[in-house]
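With compact mmCIF, C-alpha atoms inside, this is data-v2.txt:
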```txt
# COMPACT_ATOMS: atom_id res chain seq x y z
CA MET A 1 41.82 -16.19 -12.84
CA LYS A 2 43.33 -14.38 -9.90
CA GLY A 3 42.23 -11.89 -7.29
CA HIS A 4 43.30 -10.27 -4.07
CA LEU A 5 42.06 -8.27 -1.08
CA ARG A 6 42.79 -4.73 -0.03
CA GLU A 7 41.90 -3.60 3.47
CA ARG A 8 40.23 -0.18 3.39
CA SER A 9 39.60 0.13 7.11
CA PRO A 10 38.90 -2.30 9.95
CA GLY A 11 36.19 -4.65 8.73
CA LYS A 12 35.98 -3.07 5.26
CA TRP A 13 37.65 -4.68 2.25
CA ALA A 14 38.06 -4.18 -1.46
CA ILE A 15 37.87 -7.44 -3.39
CA VAL A 16 39.83 -7.08 -6.64
CA ILE A 17 39.43 -9.64 -9.42
CA ASP A 18 41.77 -9.65 -12.41
CA LEU A 19 39.78 -10.07 -15.63
CA GLY A 20 42.71 -10.34 -17.98
CA PRO A 21 44.26 -7.81 -20.37
CA ARG A 22 42.30 -5.48 -22.61
CA GLU A 23 43.45 -4.78 -26.11
CA GLY A 24 46.70 -2.84 -25.87
CA GLY A 25 47.85 -4.72 -22.79
CA ARG A 26 45.98 -2.71 -20.12
CA ARG A 27 44.89 -4.73 -17.11
CA ARG A 28 41.19 -5.21 -16.48
CA GLN A 29 39.97 -5.47 -12.91
CA LYS A 30 36.63 -5.68 -11.16
CA TRP A 31 36.32 -4.21 -7.67
CA PHE A 32 33.74 -5.11 -5.03
CA ALA A 33 33.19 -3.60 -1.61
CA PHE A 34 32.82 -6.05 1.28
CA HIS A 35 32.15 -5.63 5.02
CA GLY A 36 33.23 -8.42 7.38
CA THR A 37 36.22 -10.35 8.67
CA LYS A 38 39.24 -11.15 6.56
CA ARG A 39 38.25 -14.81 6.39
CA GLN A 40 34.76 -13.85 5.19
CA ALA A 41 36.29 -11.55 2.59
CA GLN A 42 38.56 -14.35 1.37
CA ASN A 43 35.60 -16.70 1.08
CA GLU A 44 33.72 -14.08 -0.90
CA LEU A 45 36.76 -13.62 -3.17
CA HIS A 46 36.88 -17.35 -3.89
CA ARG A 47 33.15 -17.44 -4.56
CA LEU A 48 33.37 -14.58 -7.04
CA ILE A 49 36.31 -16.13 -8.87
CA ALA A 50 34.44 -19.44 -9.12
CA LYS A 51 31.37 -17.67 -10.54
CA ARG A 52 33.26 -15.32 -12.82
CA GLU A 53 31.75 -16.80 -15.95
CA THR A 54 28.31 -15.84 -14.66
CA LEU A 55 29.28 -12.28 -13.70
CA PRO A 56 28.54 -9.97 -16.60
CA ASP A 57 30.88 -7.14 -17.35
CA THR A 58 28.54 -4.19 -16.85
CA GLY A 59 31.24 -1.86 -18.13
CA LYS A 60 30.05 1.73 -17.89
CA GLN A 61 26.35 0.98 -17.46
CA THR A 62 24.94 3.74 -15.30
CA LEU A 63 22.24 3.57 -12.69
CA GLY A 64 20.05 5.66 -15.00
CA GLN A 65 20.45 3.20 -17.89
CA TYR A 66 19.65 0.29 -15.60
CA LEU A 67 16.59 1.95 -14.02
CA ASP A 68 15.20 3.03 -17.40
CA LYS A 69 15.14 -0.58 -18.51
CA TRP A 70 14.14 -1.99 -15.13
CA VAL A 71 11.08 0.23 -14.67
CA ASP A 72 9.69 -0.77 -18.08
CA GLU A 73 9.89 -4.44 -17.04
CA GLN A 74 7.74 -4.08 -13.92
CA ARG A 75 4.47 -6.01 -13.95
CA ILE A 76 2.27 -3.86 -11.76
CA GLY A 77 -0.96 -1.90 -12.19
CA ALA A 78 -1.09 0.95 -14.66
CA ARG A 79 -1.32 3.66 -12.01
CA GLY A 80 1.48 2.10 -9.99
CA LEU A 81 3.68 1.86 -13.09
CA GLU A 82 3.05 5.53 -13.88
CA ARG A 83 4.12 6.40 -10.34
CA TYR A 84 7.27 4.25 -10.63
CA LYS A 85 8.28 5.93 -13.90
CA GLU A 86 7.60 9.38 -12.49
CA ILE A 87 9.83 8.79 -9.46
CA VAL A 88 12.62 7.14 -11.46
CA ARG A 89 12.75 9.71 -14.26
CA ARG A 90 11.94 12.88 -12.32
CA ASN A 91 13.62 12.28 -8.97
CA ILE A 92 16.22 9.50 -8.99
CA ILE A 93 17.86 9.64 -12.43
CA PRO A 94 18.50 13.42 -12.41
CA ALA A 95 20.33 13.06 -9.08
CA LEU A 96 22.02 9.65 -9.31
CA GLY A 97 21.54 8.43 -12.87
CA HIS A 98 25.05 9.41 -14.05
CA ILE A 99 26.78 7.10 -11.51
CA ALA A 100 28.06 3.74 -12.75
CA LEU A 101 25.78 1.01 -11.39
CA ALA A 102 28.73 -1.04 -10.11
CA LYS A 103 30.17 1.97 -8.27
CA LEU A 104 27.00 3.22 -6.60
CA THR A 105 27.43 3.52 -2.83
CA GLY A 106 25.11 3.85 0.10
CA GLU A 107 26.76 7.16 0.97
CA GLN A 108 25.79 8.64 -2.40
CA ILE A 109 22.20 7.53 -1.92
CA SER A 110 22.06 8.94 1.60
CA GLN A 111 23.41 12.28 0.36
CA HIS A 112 20.69 12.32 -2.31
CA TYR A 113 18.03 11.82 0.39
CA THR A 114 19.43 14.74 2.39
CA LYS A 115 19.35 17.05 -0.62
CA ALA A 116 15.88 15.89 -1.65
CA LEU A 117 14.49 16.62 1.82
CA LYS A 118 16.05 20.08 1.75
CA ASN A 119 15.34 21.28 -1.80
CA GLY A 120 14.06 18.38 -3.88
CA ARG A 121 10.85 19.95 -5.17
CA LEU A 122 10.86 20.34 -8.93
CA ASP A 123 9.35 23.81 -8.65
CA GLY A 124 12.27 24.93 -6.50
CA LYS A 125 10.05 25.74 -3.52
CA GLY A 126 11.68 23.63 -0.86
CA GLY A 127 12.16 19.97 -0.08
CA LEU A 128 10.18 16.81 -0.61
CA SER A 129 8.23 15.25 2.23
CA PRO A 130 9.81 12.34 4.14
CA ALA A 131 7.03 10.11 2.78
CA SER A 132 7.95 11.02 -0.81
CA VAL A 133 11.65 10.32 -0.22
CA LYS A 134 10.81 7.06 1.53
CA TYR A 135 8.91 6.00 -1.58
CA GLN A 136 12.13 6.56 -3.55
CA HIS A 137 13.93 4.41 -0.98
CA ILE A 138 11.46 1.55 -1.38
CA LEU A 139 11.72 1.71 -5.16
CA LEU A 140 15.54 1.86 -5.20
CA LYS A 141 15.78 -1.02 -2.76
CA LYS A 142 13.61 -3.19 -4.99
CA ALA A 143 15.44 -2.20 -8.18
CA LEU A 144 18.91 -2.84 -6.74
CA LYS A 145 17.79 -6.10 -5.16
CA ASP A 146 16.86 -7.21 -8.66
CA ALA A 147 20.30 -6.09 -9.86
CA VAL A 148 21.91 -8.37 -7.26
CA ARG A 149 19.65 -11.24 -8.27
CA ARG A 150 20.70 -10.74 -11.89
CA THR A 151 24.36 -10.70 -10.76
CA LEU A 152 24.81 -7.12 -11.95
CA LEU A 153 25.81 -6.27 -8.37
CA VAL A 154 27.42 -8.39 -5.71
CA ARG A 155 25.82 -6.52 -2.82
CA ASN A 156 22.93 -4.13 -2.55
CA PRO A 157 24.20 -0.69 -1.43
CA MET A 158 20.74 -0.07 0.05
CA GLU A 159 21.77 -2.32 2.94
CA PHE A 160 23.77 0.63 4.23
CA VAL A 161 21.06 3.27 3.74
CA ASP A 162 18.35 4.23 6.23
CA PRO A 163 15.10 5.70 4.88
CA PRO A 164 13.85 9.02 6.29
CA HIS A 165 11.58 8.74 9.29
CA VAL A 166 7.93 9.22 8.41
CA GLU A 167 5.42 10.19 11.06
CA GLU A 168 2.36 8.02 10.71
CA PRO A 169 -0.70 10.28 10.29
CA MET A 170 -3.22 10.05 13.08
CA MET A 171 -6.18 7.98 11.97
CA ARG A 172 -9.35 10.03 12.09
CA THR A 173 -12.67 8.30 12.37
CA LEU A 174 -16.29 8.87 13.38
CA ASP A 175 -18.19 7.38 16.29
CA LEU A 176 -21.64 5.91 15.71
CA ASP A 177 -23.49 9.15 16.49
CA GLN A 178 -21.29 11.16 14.13
CA ALA A 179 -21.67 8.52 11.40
CA ALA A 180 -25.46 8.54 11.75
CA ARG A 181 -25.54 12.34 11.55
CA LEU A 182 -23.29 12.31 8.48
CA ILE A 183 -25.56 9.89 6.64
CA GLU A 184 -28.57 12.12 7.21
CA ASP A 185 -26.68 15.30 6.30
CA VAL A 186 -25.34 13.87 3.04
CA ARG A 187 -28.65 12.25 2.03
CA PRO A 188 -29.82 15.09 -0.29
CA THR A 189 -26.51 15.15 -2.18
CA ARG A 190 -24.87 13.03 -4.91
CA LEU A 191 -22.46 11.75 -2.24
CA PHE A 192 -25.13 9.80 -0.35
CA ILE A 193 -24.59 6.37 -1.91
CA PRO A 194 -20.75 6.41 -1.81
CA VAL A 195 -20.80 7.64 1.81
CA LEU A 196 -23.33 4.95 2.71
CA LEU A 197 -21.23 2.20 1.08
CA ALA A 198 -18.01 3.41 2.71
CA LEU A 199 -19.53 3.84 6.20
CA THR A 200 -21.60 0.65 6.30
CA CYS A 201 -19.63 -1.73 4.06
CA GLY A 202 -16.06 -0.47 4.24
CA LEU A 203 -15.73 -0.10 0.47
CA ARG A 204 -12.75 1.79 -0.95
CA ARG A 205 -13.23 4.72 -3.31
CA GLY A 206 -12.22 2.69 -6.39
CA GLU A 207 -14.47 -0.22 -5.39
CA ILE A 208 -17.47 2.10 -5.13
CA ALA A 209 -16.76 3.58 -8.57
CA ALA A 210 -16.49 0.10 -10.13
CA LEU A 211 -19.51 -1.54 -8.45
CA ARG A 212 -22.14 -2.85 -10.90
CA TRP A 213 -25.72 -3.87 -10.22
CA ALA A 214 -24.92 -7.42 -11.40
CA ASN A 215 -22.79 -7.75 -8.28
CA VAL A 216 -25.51 -6.58 -5.88
CA ASP A 217 -28.15 -9.09 -4.75
CA LEU A 218 -30.75 -7.15 -2.79
CA ASP A 219 -32.90 -10.24 -2.22
CA LYS A 220 -30.01 -12.06 -0.53
CA ALA A 221 -28.71 -8.80 0.98
CA THR A 222 -25.19 -9.27 -0.36
CA LEU A 223 -22.72 -7.25 -2.36
CA ASN A 224 -19.82 -8.79 -4.31
CA VAL A 225 -16.66 -6.71 -4.70
CA VAL A 226 -14.86 -7.94 -7.82
CA GLU A 227 -13.43 -4.79 -9.42
CA SER A 228 -11.83 -1.49 -8.52
CA ALA A 229 -11.50 1.65 -10.66
CA GLU A 230 -8.30 3.69 -10.86
CA HIS A 231 -7.46 6.91 -12.63
CA THR A 232 -4.50 6.74 -15.05
CA SER A 233 -3.11 9.07 -17.71
CA ALA A 234 -4.88 6.91 -20.31
CA GLY A 235 -8.24 7.20 -18.54
CA ILE A 236 -10.17 5.13 -15.99
CA ARG A 237 -9.03 1.52 -15.72
CA LEU A 238 -10.79 -1.36 -13.99
CA LYS A 239 -8.64 -3.84 -12.10
CA ARG A 240 -8.94 -6.49 -9.41
CA PRO A 241 -9.44 -5.29 -5.82
CA LYS A 242 -6.39 -4.31 -3.78
CA SER A 243 -6.01 -7.70 -2.10
CA GLY A 244 -6.06 -9.41 -5.50
CA ARG A 245 -9.29 -11.26 -4.84
CA GLY A 246 -12.97 -10.44 -4.54
CA ARG A 247 -15.11 -10.58 -1.43
CA VAL A 248 -18.78 -10.88 -0.51
CA ILE A 249 -20.23 -8.35 1.94
CA ASP A 250 -23.47 -8.89 3.81
CA LEU A 251 -25.78 -5.87 3.82
CA SER A 252 -27.92 -4.57 6.66
CA ASN A 253 -31.66 -4.07 6.16
CA MET A 254 -31.13 -0.31 6.16
CA VAL A 255 -28.57 -0.48 3.34
CA VAL A 256 -30.77 -2.84 1.30
CA SER A 257 -33.68 -0.43 1.66
CA GLU A 258 -31.58 2.57 0.60
CA LEU A 259 -30.14 0.73 -2.39
CA ARG A 260 -33.63 -0.26 -3.58
CA LYS A 261 -34.70 3.39 -3.49
CA HIS A 262 -31.49 4.42 -5.25
CA ARG A 263 -32.03 1.84 -7.97
CA GLN A 264 -35.54 3.14 -8.61
CA ARG A 265 -34.28 6.72 -8.86
CA GLN A 266 -31.51 5.64 -11.19
CA GLU A 267 -33.93 3.77 -13.47
CA SER A 268 -36.09 6.91 -13.76
CA GLN A 269 -33.08 9.10 -14.54
CA LEU A 270 -31.85 6.74 -17.27
CA GLU A 271 -35.29 6.58 -18.89
CA LYS A 272 -35.22 10.36 -19.30
CA VAL A 273 -32.07 10.13 -21.42
CA GLY A 274 -33.20 7.09 -23.38
CA GLU A 275 -31.13 4.54 -21.47
CA ARG A 276 -32.08 1.59 -19.30
CA LEU A 277 -30.61 -0.01 -16.23
CA THR A 278 -28.85 -3.37 -16.74
CA GLY A 279 -26.61 -5.66 -14.76
CA ASP A 280 -23.59 -3.92 -16.29
CA SER A 281 -24.79 -0.51 -15.11
CA PHE A 282 -22.75 1.08 -12.36
CA VAL A 283 -24.43 1.48 -8.98
CA TYR A 284 -22.87 4.93 -8.58
CA ALA A 285 -22.85 6.73 -11.92
CA ARG A 286 -23.66 9.97 -13.67
CA GLU A 287 -27.23 10.82 -14.67
CA ASP A 288 -26.64 9.24 -18.09
CA GLY A 289 -25.16 6.07 -16.59
CA ALA A 290 -21.55 6.95 -17.38
CA ARG A 291 -18.90 5.75 -14.98
CA ILE A 292 -17.68 8.16 -12.28
CA ASN A 293 -13.98 8.99 -12.11
CA PRO A 294 -12.86 8.02 -8.59
CA VAL A 295 -10.77 11.20 -8.39
CA ARG A 296 -13.92 13.28 -8.91
CA LEU A 297 -15.54 11.46 -5.98
CA THR A 298 -12.71 12.66 -3.75
CA ASP A 299 -12.99 16.20 -5.13
CA TRP A 300 -16.71 16.30 -4.39
CA TRP A 301 -16.15 15.01 -0.86
CA ILE A 302 -13.44 17.59 -0.13
CA SER A 303 -15.68 20.38 -1.38
CA TRP A 304 -18.79 19.23 0.51
CA SER A 305 -17.05 18.46 3.81
CA ALA A 306 -14.73 21.49 3.88
CA ASN A 307 -16.50 23.13 6.84
CA ARG A 308 -17.52 20.00 8.75
CA LYS A 309 -16.13 18.93 12.10
CA PRO A 310 -14.37 16.64 12.61
CA ARG A 311 -12.47 16.89 9.31
CA VAL A 312 -12.04 13.44 7.80
CA ARG A 313 -10.92 12.14 4.44
CA PHE A 314 -13.28 10.04 2.36
CA HIS A 315 -11.06 7.01 3.04
CA ASP A 316 -11.56 7.63 6.78
CA LEU A 317 -15.19 6.56 6.36
CA ARG A 318 -13.87 3.06 5.66
CA HIS A 319 -11.78 3.31 8.83
CA ALA A 320 -14.92 4.33 10.71
CA HIS A 321 -16.70 1.16 9.53
CA ALA A 322 -13.79 -0.99 10.69
CA THR A 323 -13.73 0.73 14.07
CA HIS A 324 -17.48 0.23 14.48
CA LEU A 325 -17.12 -3.48 13.70
CA LEU A 326 -14.36 -4.11 16.20
CA SER A 327 -15.81 -1.92 18.95
CA GLN A 328 -19.09 -3.85 18.67
CA GLY A 329 -17.27 -7.10 19.32
CA VAL A 330 -17.13 -8.42 15.74
CA HIS A 331 -14.32 -10.97 15.40
CA PRO A 332 -11.24 -9.49 13.66
CA LYS A 333 -11.31 -12.30 11.09
CA VAL A 334 -14.81 -11.27 10.05
CA ALA A 335 -13.70 -7.63 9.88
CA GLN A 336 -10.68 -8.62 7.76
CA GLU A 337 -12.83 -10.44 5.21
CA ARG A 338 -15.34 -7.62 5.10
CA LEU A 339 -12.64 -4.97 4.58
CA GLY A 340 -10.73 -7.01 2.02
CA HIS A 341 -7.39 -7.09 3.82
CA SER A 342 -5.04 -9.85 2.68
CA SER A 343 -4.55 -11.08 6.26
CA VAL A 344 -6.08 -10.62 9.69
CA ALA A 345 -2.67 -9.40 10.92
CA ILE A 346 -3.05 -6.31 8.74
CA THR A 347 -6.47 -5.60 10.23
CA MET A 348 -5.16 -6.01 13.76
CA ASP A 349 -2.17 -3.77 13.06
CA ILE A 350 -4.15 -0.93 11.45
CA TYR A 351 -6.88 -0.89 14.07
CA SER A 352 -4.86 -1.71 17.18
CA HIS A 353 -6.17 1.54 18.70
CA VAL A 354 -9.57 -0.13 19.08
CA LEU A 355 -8.23 -3.21 20.85
CA PRO A 356 -7.36 -1.81 24.33
CA GLY A 357 -11.01 -1.06 25.09
CA MET A 358 -12.03 -4.42 23.67
CA GLY A 359 -9.46 -6.10 25.92
CA ALA A 360 -10.90 -4.46 29.02
CA GLU A 361 -14.40 -5.52 28.06
CA ALA A 362 -13.24 -9.06 27.33
CA ALA A 363 -11.44 -9.25 30.68
CA LYS A 364 -14.60 -8.12 32.46
CA LYS A 365 -16.74 -10.71 30.66
CA VAL A 366 -14.31 -13.54 31.39
CA GLY A 367 -13.91 -12.40 35.00
CA ASP A 368 -17.67 -12.21 35.52
CA ALA A 369 -18.16 -15.66 33.99
CA LEU A 370 -15.39 -17.19 36.09
CA THR A 371 -16.74 -15.58 39.28
CA ALA A 372 -20.22 -16.92 38.51
CA ALA A 373 -18.80 -20.41 37.96
CA MET A 374 -16.92 -20.25 41.27
CA VAL A 375 -20.04 -19.15 43.15
CA LYS A 376 -22.01 -21.94 41.51
CA GLY A 377 -19.36 -24.46 42.51
CA ARG A 378 -19.42 -23.33 46.14
CA ASP A 379 -23.23 -23.49 46.22
CA GLU A 380 -23.24 -27.00 44.82
CA GLY A 381 -20.33 -28.51 46.69
CA GLY A 382 -19.83 -26.35 49.75
CA ASP A 383 -16.45 -25.08 50.89
CA GLN A 384 -14.94 -28.52 51.59
CA PRO A 385 -11.59 -29.11 49.90
CA ARG A 386 -11.56 -31.77 47.21
```

Would you mind writing the file's structure down as structure tokens?
Amino acid sequence: MKGHLRERSPGKWAIVIDLGPREGGRRRQKWFAFHGTKRQAQNELHRLIAKRETLPDTGKQTLGQYLDKWVDEQRIGARGLERYKEIVRRNIIPALGHIALAKLTGEQISQHYTKALKNGRLDGKGGLSPASVKYQHILLKKALKDAVRRTLLVRNPMEFVDPPHVEEPMMRTLDLDQAARLIEDVRPTRLFIPVLLALTCGLRRGEIAALRWANVDLDKATLNVVESAEHTSAGIRLKRPKSGRGRVIDLSNMVVSELRKHRQRQESQLEKVGERLTGDSFVYAREDGARINPVRLTDWWISWSANRKPRVRFHDLRHAHATHLLSQGVHPKVAQERLGHSSVAITMDIYSHVLPGMGAEAAKKVGDALTAAMVKGRDEGGDQPR
């Protein structure tokens, strides 16, 4: 088998491998783009020739054909898979799906991003948000990385594509006084228990909707997070928590007291409809014990809090709990385990805004302790040098 190089421009090469004649005598060639020195390009040419038997002939396989198969092979949660399929089949394939997989370039992808940001909405009313286009970028990068791993591509064209810049939304939270006022204001409503669990335990919306009484030990003042509920097109699905593992959360006396009262109210409500409370019953449920759709919880919160100041999302109540922990001097490792983050680095990164004040307080404490030790040393040993 033979091959050769063609210089496109300084540092850019076309690697051409001869695959032998087709029927009828027409030459068959496979072209690969390469960036680097001539020596590096030659080494890559030799590597490709040596591995030719492992390089499939993708022929005219398009990006759309590849993505259609690839997305069905993903082993992720049901809601995540629905989102993947929606992005692939509604956003990426209509724009890029006709292009041969082996000929896809970073320039074509970048041009798609530009068009999507300008007029990518399916209803024709403008462009997609940078966050939405960045999600496409993340998905394409993963899909084409898999194509390289499967030797369908030699190099991932996403290496030459920059995602759109996304402004991180400002995290909104509540101080302790605002949190206390919120708890009292929401007490007469059906949002009381989810707000209490989010503000004092840091539970996510889906974790609140999936919490069962079997996982709450009021005598030991603990709560075990083992499931999370998500809304899918097929209905509500229970899955493992976001970090992939459960966690035990210690409860304050106030929360234990409120949960006892809530349990008693729930038992009375269920008796009226001929049901009884069991370990499998959901802590936060409808009057008949039916599970709450987590999306409805968000809808209720938006409606109830529409005129409140400051405006916060339901998920911001979890952020408030994290901020309260760290500002009260709780070790970040304890906060990480309580919040269910997969690592303490994630906790530190998300809540870095709390750390400057903590650093000043820590410096003062260490300085005061060191000064006290120095004074003690002078009192005990005088000022003589040692």

Exercise for the section: Would you kindly return, as number ranges by chain, each protein, DNA or RNA residue with an atom no farther than 6 Å from any atom of region 152-162 of chain A, considering all atoms listed in the file and excluding same-chain residues fewer than 5 positions away? Expected result: A: 105-106, 141, 144, 147

Exercise for the section: Between CA of Leu191 (chain A) and CA of Thr222 (chain A), measure the distance and give it in Å to one decimal. Expected result: 21.3 Å

Padding 6 Å on every side, please: axis-aligned box over the listed atoms of region 220-234 of chain A, centre and edge lengths to one decimal in Å, as AutoDock Vina command-line options.
```
--center_x -16.6 --center_y -1.5 --center_z -9.7 --size_x 38.9 --size_y 33.1 --size_z 33.3
```

Practice task
Find the distance between CA of Gln42 (chain A) and CA of Lys60 (chain A) and write it in Å to one decimal.
Solution key: 26.5 Å

Practice task
Can you work out which one of A:Glu7, A:Glu107, A:Glu82, A:Glu167 has the shortest atom-to-atom distance to Pro130 (chain A), counting all atoms listed in the file?
Solution key: A:Glu167

Distance table requested - region 245-278 of chain A against region 286-294 of chain A, cut-off 8 Å, only C-alpha atoms: one row per qualifying residue with the closest atom pair and its distance in Å to one decimal, ordered by chain and rising residue number, as JSON lines.
```
{"residue": "A:Gln266", "atom": "CA", "partner": "A:Glu287", "partner_atom": "CA", "distance": 7.6}
{"residue": "A:Gln269", "atom": "CA", "partner": "A:Glu287", "partner_atom": "CA", "distance": 6.1}
{"residue": "A:Leu270", "atom": "CA", "partner": "A:Asp288", "partner_atom": "CA", "distance": 5.8}
{"residue": "A:Val273", "atom": "CA", "partner": "A:Asp288", "partner_atom": "CA", "distance": 6.4}
{"residue": "A:Glu275", "atom": "CA", "partner": "A:Asp288", "partner_atom": "CA", "distance": 7.3}
```

Handout entry: Point-to-point distance from CA of Thr278 (chain A) to CA of Arg260 (chain A), Å rounded to tenths
Key =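 CA of Arg260 (chain A) lies at a distance of 14.3 Å from CA of Thr278 (chain A).
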
Exercise for the section: Mind checking which residues fall within 10 Å of region 137-140 of chain A, counting only C-alpha atoms, ignoring those fewer than 4 positions away in the same chain, and posting them as a list in words? Expected result: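 Within the cut-off, the hits are Leu67, Val71, Tyr84, Ile87, Val88, Ile92, Ile109, Ser110, Tyr113, Ala131, Ser132, Val133, Leu144, Lys145, Asp146, Asn156, Pro157, Met158, Val161, Asp162, Pro163 and Pro164 of chain A.
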
Which neighbours of Ala179 (chain A) fall inside 8 Å, counting all atoms listed in the file, when residues of the same chain fewer than 4 positions from it are skipped, and could you give them as an mmCIF file with C-alpha atoms, keeping the file's coordinate frame?
```
data_model
loop_
_atom_site.group_PDB
_atom_site.id
_atom_site.type_symbol
_atom_site.label_atom_id
_atom_site.label_comp_id
_atom_site.auth_asym_id
_atom_site.auth_seq_id
_atom_site.Cartn_x
_atom_site.Cartn_y
_atom_site.Cartn_z
ATOM 1 C CA LEU A 174 -16.290 8.870 13.380
ATOM 2 C CA ASP A 175 -18.190 7.380 16.290
ATOM 3 C CA ILE A 183 -25.560 9.890 6.640
ATOM 4 C CA LEU A 199 -19.530 3.840 6.200
ATOM 5 C CA ALA A 320 -14.920 4.330 10.710
#
```

Handout entry: Residue contacts of Ile249 (chain A) (8 Å, all atoms listed in the file) excluding same-chain residues fewer than 2 positions away, as a PyMOL selection string
Key = chain A and resi 201+222-225+247+251+338

Exercise for the section: Skip Arg308 (chain A) itself and residues of its chain fewer than 4 positions away, then list as a PyMOL selection string all residues within 10 Å of it, counting all atoms listed in the file. Expected result: chain A and resi 182+304+312

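Distances to Ala322 (chain A) were evaluated for A:Met348, A:Ala78, A:Leu45, A:Leu297 using only C-alpha atoms, and the minimum falls at A:Met348.
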
Handout entry: Neighbours of point (-9.6, -8.6, 5.5) within 12 Å, using only C-alpha atoms, written as number ranges by chain
Key = A: 202-203, 241-249, 322, 331-351

Exercise for the section: Between A:His319, A:Arg240, A:His165, A:Arg204, single out the one closest to Ser352 (chain A), counting all atoms listed in the file. Expected result: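 With all atoms listed in the file as the atom set, the closest residue is A:His319.
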
Exercise for the section: Have a look at A:Asn91, A:Gln108, A:Gln136, A:Thr37 and name the one nearest to Leu122 (chain A); count all atoms listed in the file. Expected result: A:Asn91

Problem - Closest of A:Glu230, A:Asp185, A:Glu271, A:Asp219 to Ser252 (chain A) - atom-to-atom distances counting only C-alpha atoms - result: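 Closest to Ser252 (chain A), using only C-alpha atoms: A:Asp219.
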
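Nearest residue to His262 (chain A) among A:His231, A:Arg190, A:Arg89, A:Arg121 is A:Arg190, counting all atoms listed in the file.
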